[in-house]
>>> print(open('upload.pdb').read())   # PDB, C-alpha atoms
ATOM      1  CA  MET K   1     -30.152  -2.735  -0.120
ATOM      2  CA  LYS K   2     -27.157  -1.777  -2.249
ATOM      3  CA  ASN K   3     -27.588   0.103  -5.480
ATOM      4  CA  ASN K   4     -26.236  -1.246  -8.777
ATOM      5  CA  THR K   5     -23.231   1.134  -8.830
ATOM      6  CA  GLU K   6     -22.160   0.091  -5.325
ATOM      7  CA  GLU K   7     -22.465  -3.606  -6.216
ATOM      8  CA  LYS K   8     -20.289  -3.129  -9.318
ATOM      9  CA  LYS K   9     -17.608  -1.406  -7.202
ATOM     10  CA  ASN K  10     -17.341  -4.580  -5.091
ATOM     11  CA  GLU K  11     -17.125  -7.064  -7.983
ATOM     12  CA  LEU K  12     -13.702  -8.311  -9.056
ATOM     13  CA  LEU K  13     -12.471  -6.676 -12.217
ATOM     14  CA  THR K  14     -12.865  -8.944 -15.236
ATOM     15  CA  VAL K  15     -10.169  -7.132 -17.206
ATOM     16  CA  VAL K  16      -7.131  -5.707 -15.450
ATOM     17  CA  ASN K  17      -5.167  -3.036 -17.302
ATOM     18  CA  MET K  18      -1.759  -3.308 -15.650
ATOM     19  CA  ASP K  19      -0.750  -0.005 -17.312
ATOM     20  CA  GLU K  20      -3.701   1.896 -15.802
ATOM     21  CA  PRO K  21      -2.258   5.016 -14.183
ATOM     22  CA  LEU K  22      -3.045   5.507 -10.504
ATOM     23  CA  ALA K  23      -0.909   8.655 -10.251
ATOM     24  CA  GLU K  24       1.727  10.302 -12.438
ATOM     25  CA  HIS K  25       4.447   7.758 -11.595
ATOM     26  CA  PHE K  26       2.434   4.732 -10.413
ATOM     27  CA  SER K  27       0.486   2.104 -12.342
ATOM     28  CA  LEU K  28      -2.020  -0.527 -11.289
ATOM     29  CA  GLY K  29       0.445  -3.250 -12.298
ATOM     30  CA  GLU K  30       3.039  -1.900  -9.888
ATOM     31  CA  MET K  31       0.537  -2.077  -7.024
ATOM     32  CA  LEU K  32      -0.593  -5.631  -7.919
ATOM     33  CA  ARG K  33       2.804  -7.189  -8.667
ATOM     34  CA  SER K  34       3.745 -10.003  -6.285
ATOM     35  CA  TYR K  35       6.464 -12.623  -6.512
ATOM     36  CA  THR K  36       4.532 -14.787  -4.040
ATOM     37  CA  ALA K  37       1.322 -14.552  -6.098
ATOM     38  CA  ASP K  38       3.251 -15.560  -9.234
ATOM     39  CA  LEU K  39       4.981 -18.437  -7.440
ATOM     40  CA  LEU K  40       1.746 -19.806  -5.959
ATOM     41  CA  GLY K  41      -0.481 -19.062  -8.959
ATOM     42  CA  ILE K  42      -2.643 -16.594  -7.023
ATOM     43  CA  ASN K  43      -4.762 -14.315  -9.222
ATOM     44  CA  ASN K  44      -4.306 -11.068  -7.265
ATOM     45  CA  VAL K  45      -7.211  -9.120  -8.778
ATOM     46  CA  PRO K  46      -8.888  -6.165  -7.022
ATOM     47  CA  THR K  47     -12.408  -4.769  -7.173
ATOM     48  CA  ALA K  48     -13.102  -1.323  -8.634
ATOM     49  CA  GLU K  49     -13.458  -0.014  -5.059
ATOM     50  CA  GLN K  50     -10.013  -1.372  -4.168
ATOM     51  CA  VAL K  51      -8.547   0.269  -7.294
ATOM     52  CA  ASP K  52     -10.091   3.586  -6.204
ATOM     53  CA  ASN K  53      -8.433   3.119  -2.800
ATOM     54  CA  LEU K  54      -5.076   2.409  -4.481
ATOM     55  CA  LYS K  55      -5.461   5.596  -6.538
ATOM     56  CA  ALA K  56      -6.053   7.632  -3.385
ATOM     57  CA  LEU K  57      -3.010   6.057  -1.689
ATOM     58  CA  CYS K  58      -0.833   6.795  -4.710
ATOM     59  CA  GLN K  59      -2.080  10.358  -5.167
ATOM     60  CA  HIS K  60      -2.005  11.426  -1.520
ATOM     61  CA  VAL K  61       1.058   9.573  -0.213
ATOM     62  CA  LEU K  62       3.214   7.738  -2.750
ATOM     63  CA  GLU K  63       3.336  10.405  -5.466
ATOM     64  CA  PRO K  64       4.356  13.209  -3.037
ATOM     65  CA  LEU K  65       6.983  10.833  -1.604
ATOM     66  CA  ARG K  66       8.327  10.156  -5.094
ATOM     67  CA  GLN K  67       8.402  13.873  -5.888
ATOM     68  CA  GLN K  68      10.545  14.387  -2.780
ATOM     69  CA  PHE K  69      12.888  11.357  -3.027
ATOM     70  CA  GLY K  70      12.843  10.196  -6.646
ATOM     71  CA  VAL K  71      12.031   6.637  -7.690
ATOM     72  CA  ILE K  72      10.666   4.458  -4.891
ATOM     73  CA  LEU K  73      10.145   0.706  -5.002
ATOM     74  CA  ILE K  74       6.848  -0.745  -3.821
ATOM     75  CA  SER K  75       7.565  -4.179  -2.354
ATOM     76  CA  SER K  76       3.917  -4.925  -1.544
ATOM     77  CA  GLY K  77       0.745  -3.150  -2.596
ATOM     78  CA  PHE K  78      -2.690  -4.713  -2.987
ATOM     79  CA  ARG K  79      -3.131  -8.254  -1.644
ATOM     80  CA  ASN K  80      -6.275 -10.305  -1.999
ATOM     81  CA  VAL K  81      -7.246 -12.526   0.952
ATOM     82  CA  ARG K  82      -5.413 -15.581  -0.390
ATOM     83  CA  LEU K  83      -2.183 -13.663  -1.074
ATOM     84  CA  ASN K  84      -2.347 -11.898   2.290
ATOM     85  CA  ARG K  85      -2.635 -15.269   4.027
ATOM     86  CA  ALA K  86       0.256 -16.688   1.947
ATOM     87  CA  VAL K  87       2.626 -13.867   2.985
ATOM     88  CA  GLY K  88       1.586 -14.030   6.653
ATOM     89  CA  GLY K  89      -0.222 -10.682   6.628
ATOM     90  CA  SER K  90      -2.562  -9.534   9.373
ATOM     91  CA  PRO K  91      -6.167 -10.751   8.930
ATOM     92  CA  GLN K  92      -7.200  -7.060   9.081
ATOM     93  CA  SER K  93      -4.443  -5.853   6.730
ATOM     94  CA  GLN K  94      -5.201  -2.645   4.891
ATOM     95  CA  HIS K  95      -3.354  -4.168   1.916
ATOM     96  CA  MET K  96      -6.537  -6.205   1.289
ATOM     97  CA  ARG K  97      -8.576  -3.005   0.951
ATOM     98  CA  GLY K  98      -6.070  -1.374  -1.406
ATOM     99  CA  GLU K  99      -5.259   1.151   1.310
ATOM    100  CA  ALA K 100      -1.630   0.185   2.065
ATOM    101  CA  ALA K 101       1.779  -0.218   0.476
ATOM    102  CA  ASP K 102       5.182  -1.336   1.694
ATOM    103  CA  ILE K 103       8.122   0.723   0.413
ATOM    104  CA  PHE K 104      11.616  -0.763   0.096
ATOM    105  CA  VAL K 105      14.214   1.152   2.118
ATOM    106  CA  ALA K 106      17.813   0.984   0.831
ATOM    107  CA  SER K 107      19.551   2.460   3.885
ATOM    108  CA  PRO K 108      18.789   3.548   7.459
ATOM    109  CA  GLU K 109      19.320   7.198   6.464
ATOM    110  CA  GLN K 110      16.862   6.955   3.564
ATOM    111  CA  GLY K 111      14.318   5.216   5.799
ATOM    112  CA  ASP K 112      14.618   7.861   8.498
ATOM    113  CA  GLN K 113      14.179  10.663   5.939
ATOM    114  CA  MET K 114      11.187   9.052   4.205
ATOM    115  CA  PHE K 115       9.500   8.216   7.511
ATOM    116  CA  ALA K 116       9.931  11.787   8.778
ATOM    117  CA  PHE K 117       8.717  13.294   5.485
ATOM    118  CA  ILE K 118       5.520  11.247   5.476
ATOM    119  CA  ARG K 119       4.906  11.784   9.203
ATOM    120  CA  ASP K 120       5.477  15.546   9.073
ATOM    121  CA  ASN K 121       4.011  16.470   5.667
ATOM    122  CA  LEU K 122       1.376  14.028   4.420
ATOM    123  CA  GLN K 123      -2.027  12.732   5.369
ATOM    124  CA  PHE K 124      -1.912   9.012   6.223
ATOM    125  CA  ASP K 125      -3.679   6.462   8.362
ATOM    126  CA  GLN K 126      -0.830   4.266   9.568
ATOM    127  CA  LEU K 127       2.929   4.668   9.138
ATOM    128  CA  LEU K 128       5.306   1.926  10.287
ATOM    129  CA  TYR K 129       9.072   1.811   9.844
ATOM    130  CA  GLU K 130       9.940  -1.882  10.045
ATOM    131  CA  HIS K 131      13.341  -3.545  10.267
ATOM    132  CA  LYS K 132      14.161  -7.240  10.548
ATOM    133  CA  VAL K 133      17.408  -7.373  12.511
ATOM    134  CA  ARG K 134      18.301 -10.942  11.489
ATOM    135  CA  ASN K 135      18.448 -10.162   7.747
ATOM    136  CA  GLY K 136      18.745  -6.367   7.664
ATOM    137  CA  LEU K 137      15.614  -5.816   5.551
ATOM    138  CA  ARG K 138      13.895  -2.481   6.061
ATOM    139  CA  TRP K 139      10.624  -1.152   4.718
ATOM    140  CA  ILE K 140       8.031   1.497   5.387
ATOM    141  CA  HIS K 141       4.393   0.460   5.590
ATOM    142  CA  VAL K 142       2.021   3.325   4.897
ATOM    143  CA  SER K 143      -1.743   3.416   4.537
ATOM    144  CA  TYR K 144      -4.342   5.966   3.533
ATOM    145  CA  VAL K 145      -8.096   5.726   4.119
ATOM    146  CA  ARG K 146     -10.245   7.277   1.424
ATOM    147  CA  ARG K 147     -13.783   6.967   2.802
ATOM    148  CA  ARG K 148     -14.285   4.505   5.678
ATOM    149  CA  ARG K 149     -13.223   6.844   8.472
ATOM    150  CA  PRO K 150     -10.799   9.717   9.109
ATOM    151  CA  ASN K 151      -7.086   8.959   8.746
ATOM    152  CA  ARG K 152      -5.566   8.324  12.202
ATOM    153  CA  HIS K 153      -2.067   9.698  11.525
ATOM    154  CA  LYS K 154      -0.623   6.847  13.651
ATOM    155  CA  SER K 155       3.132   6.251  13.355
ATOM    156  CA  SER K 156       5.723   3.990  14.987
ATOM    157  CA  SER K 157       8.932   2.019  14.354
ATOM    158  CA  PHE K 158       9.426  -1.721  14.779
ATOM    159  CA  TRP K 159      12.742  -3.560  15.070
ATOM    160  CA  TYR K 160      12.507  -7.334  15.289
TER     161      TYR K 160
END
>>> encode(input="upload.pdb", output="structure tokens")
Amino acid sequence: MKNNTEEKKNELLTVVNMDEPLAEHFSLGEMLRSYTADLLGINNVPTAEQVDNLKALCQHVLEPLRQQFGVILISSGFRNVRLNRAVGGSPQSQHMRGEAADIFVASPEQGDQMFAFIRDNLQFDQLLYEHKVRNGLRWIHVSYVRRRRPNRHKSSSFWY
């Protein structure tokens, strides 16, 4: 049987403060923003537990990355189940737990440097450097697990 505090952590937030700081340079709004959600009218609202996971991701991975490289653009942060399905995300995507973010990469050199910095200096669960050859888009997917299990420190690159 779950206690009252645990149940509240798993309820959707009724009020979302988009300006809520998750780390020095990251806000909740930045991690919830989604063009696809806006286009399809999807209310991409997390639970308190998912917000806590986003805070851990920002504090342990994204903030140190920003300190090293300056402003970084999050192209995908939290996704609820409906949004994850709409963007073709994995049914087990860590984005749905608030544990993952995709980071826009402006150039191959920047991507290589960011990937190496995260891999060699930070705690993370999964680190993927992804590149779509047909359109040239590049991004880094990174996740951080706060409580479920130890972070795996698993990294790889994908070109497709």
>>> residues_around(input="upload.pdb", residues="range 87-94 of chain K", least_positions_apart="4", cutoff="8 Å", atoms="all atoms listed in the file", output="list in words")
Thr36, Leu83, Gly98, Glu99, Ala100 and Ser143 of chain K
>>> write_last_selection(input="upload.pdb", atoms="C-alpha atoms", output="compact mmCIF listing (two decimals), in the coordinates of the input")
# COMPACT_ATOMS: atom_id res chain seq x y z
CA THR K 36 4.53 -14.79 -4.04
CA LEU K 83 -2.18 -13.66 -1.07
CA GLY K 98 -6.07 -1.37 -1.41
CA GLU K 99 -5.26 1.15 1.31
CA ALA K 100 -1.63 0.18 2.06
CA SER K 143 -1.74 3.42 4.54
>>> atom_distance(input="upload.pdb", atom1="CA of Ile74 in chain K", atom2="CA of Leu28 in chain K")
11.6 Å
>>> atom_distance(input="upload.pdb", atom1="CA of Thr47 in chain K", atom2="CA of Ile140 in chain K")
24.8 Å
>>> residues_around(input="upload.pdb", residues="range 115-128 of chain K", least_positions_apart="2", cutoff="8 Å", atoms="all atoms listed in the file", output="CSV table (one decimal) with C-alpha atoms, keeping the file's coordinate frame")
chain,number,residue,atom,x,y,z
K,60,HIS,CA,-2.0,11.4,-1.5
K,61,VAL,CA,1.1,9.6,-0.2
K,65,LEU,CA,7.0,10.8,-1.6
K,111,GLY,CA,14.3,5.2,5.8
K,112,ASP,CA,14.6,7.9,8.5
K,113,GLN,CA,14.2,10.7,5.9
K,130,GLU,CA,9.9,-1.9,10.0
K,140,ILE,CA,8.0,1.5,5.4
K,141,HIS,CA,4.4,0.5,5.6
K,142,VAL,CA,2.0,3.3,4.9
K,143,SER,CA,-1.7,3.4,4.5
K,144,TYR,CA,-4.3,6.0,3.5
K,145,VAL,CA,-8.1,5.7,4.1
K,150,PRO,CA,-10.8,9.7,9.1
K,151,ASN,CA,-7.1,9.0,8.7
K,152,ARG,CA,-5.6,8.3,12.2
K,153,HIS,CA,-2.1,9.7,11.5
K,154,LYS,CA,-0.6,6.8,13.7
K,155,SER,CA,3.1,6.3,13.4
K,156,SER,CA,5.7,4.0,15.0
K,157,SER,CA,8.9,2.0,14.4
K,158,PHE,CA,9.4,-1.7,14.8
>>> closest_residue(input="upload.pdb", among="K:Ala101, K:Ala86, K:Val133, K:Leu62", to="Tyr35 in chain K", atoms="all atoms listed in the file")
K:Ala86
>>> atom_distance(input="upload.pdb", atom1="CA of Asn135 in chain K", atom2="CA of Gly29 in chain K")
27.8 Å
>>> resolve_selection(input="upload.pdb", expression="the PyMOL selection byres ((chain K and resi 51) around 10)", output="NGL selection string")
:K and (9 or 13 or 20 or 22 or 28 or 31-32 or 45-50 or 52-57 or 78 or 97-99)
>>> resolve_selection(input="upload.pdb", expression="the PyMOL selection byres ((chain K and resi 66-69) around 10)", output="PyMOL selection string")
chain K and resi 24-26+58+61-65+70-73+110+113-114+117
>>> write_last_selection(input="upload.pdb", atoms="C-alpha atoms", output="short mmCIF file (atom, residue, chain, number, x, y, z; two decimals), in the frame of the given file")
data_model
loop_
_atom_site.label_atom_id
_atom_site.label_comp_id
_atom_site.auth_asym_id
_atom_site.auth_seq_id
_atom_site.Cartn_x
_atom_site.Cartn_y
_atom_site.Cartn_z
CA GLU K 24 1.73 10.30 -12.44
CA HIS K 25 4.45 7.76 -11.60
CA PHE K 26 2.43 4.73 -10.41
CA CYS K 58 -0.83 6.80 -4.71
CA VAL K 61 1.06 9.57 -0.21
CA LEU K 62 3.21 7.74 -2.75
CA GLU K 63 3.34 10.40 -5.47
CA PRO K 64 4.36 13.21 -3.04
CA LEU K 65 6.98 10.83 -1.60
CA GLY K 70 12.84 10.20 -6.65
CA VAL K 71 12.03 6.64 -7.69
CA ILE K 72 10.67 4.46 -4.89
CA LEU K 73 10.14 0.71 -5.00
CA GLN K 110 16.86 6.96 3.56
CA GLN K 113 14.18 10.66 5.94
CA MET K 114 11.19 9.05 4.20
CA PHE K 117 8.72 13.29 5.48
#
>>> axis_aligned_box(input="upload.pdb", around="range 42-61 of chain K", padding_each_side="3 Å", output="lines of an AutoDock Vina configuration file")
center_x = -6.2
center_y = -2.6
center_z = -4.7
size_x = 20.5
size_y = 34.0
size_z = 15.0
>>> residues_around(input="upload.pdb", residues="Met96 in chain K", least_positions_apart="5", cutoff="7 Å", atoms="all atoms listed in the file", output="list of chain:residue names")
K:Phe78, K:Arg79, K:Asn80, K:Val81
>>> write_last_selection(input="upload.pdb", atoms="C-alpha atoms", output="mmCIF file, in the coordinates of the input")
data_model
loop_
_atom_site.group_PDB
_atom_site.id
_atom_site.type_symbol
_atom_site.label_atom_id
_atom_site.label_comp_id
_atom_site.auth_asym_id
_atom_site.auth_seq_id
_atom_site.Cartn_x
_atom_site.Cartn_y
_atom_site.Cartn_z
ATOM 1 C CA PHE K 78 -2.690 -4.713 -2.987
ATOM 2 C CA ARG K 79 -3.131 -8.254 -1.644
ATOM 3 C CA ASN K 80 -6.275 -10.305 -1.999
ATOM 4 C CA VAL K 81 -7.246 -12.526 0.952
#
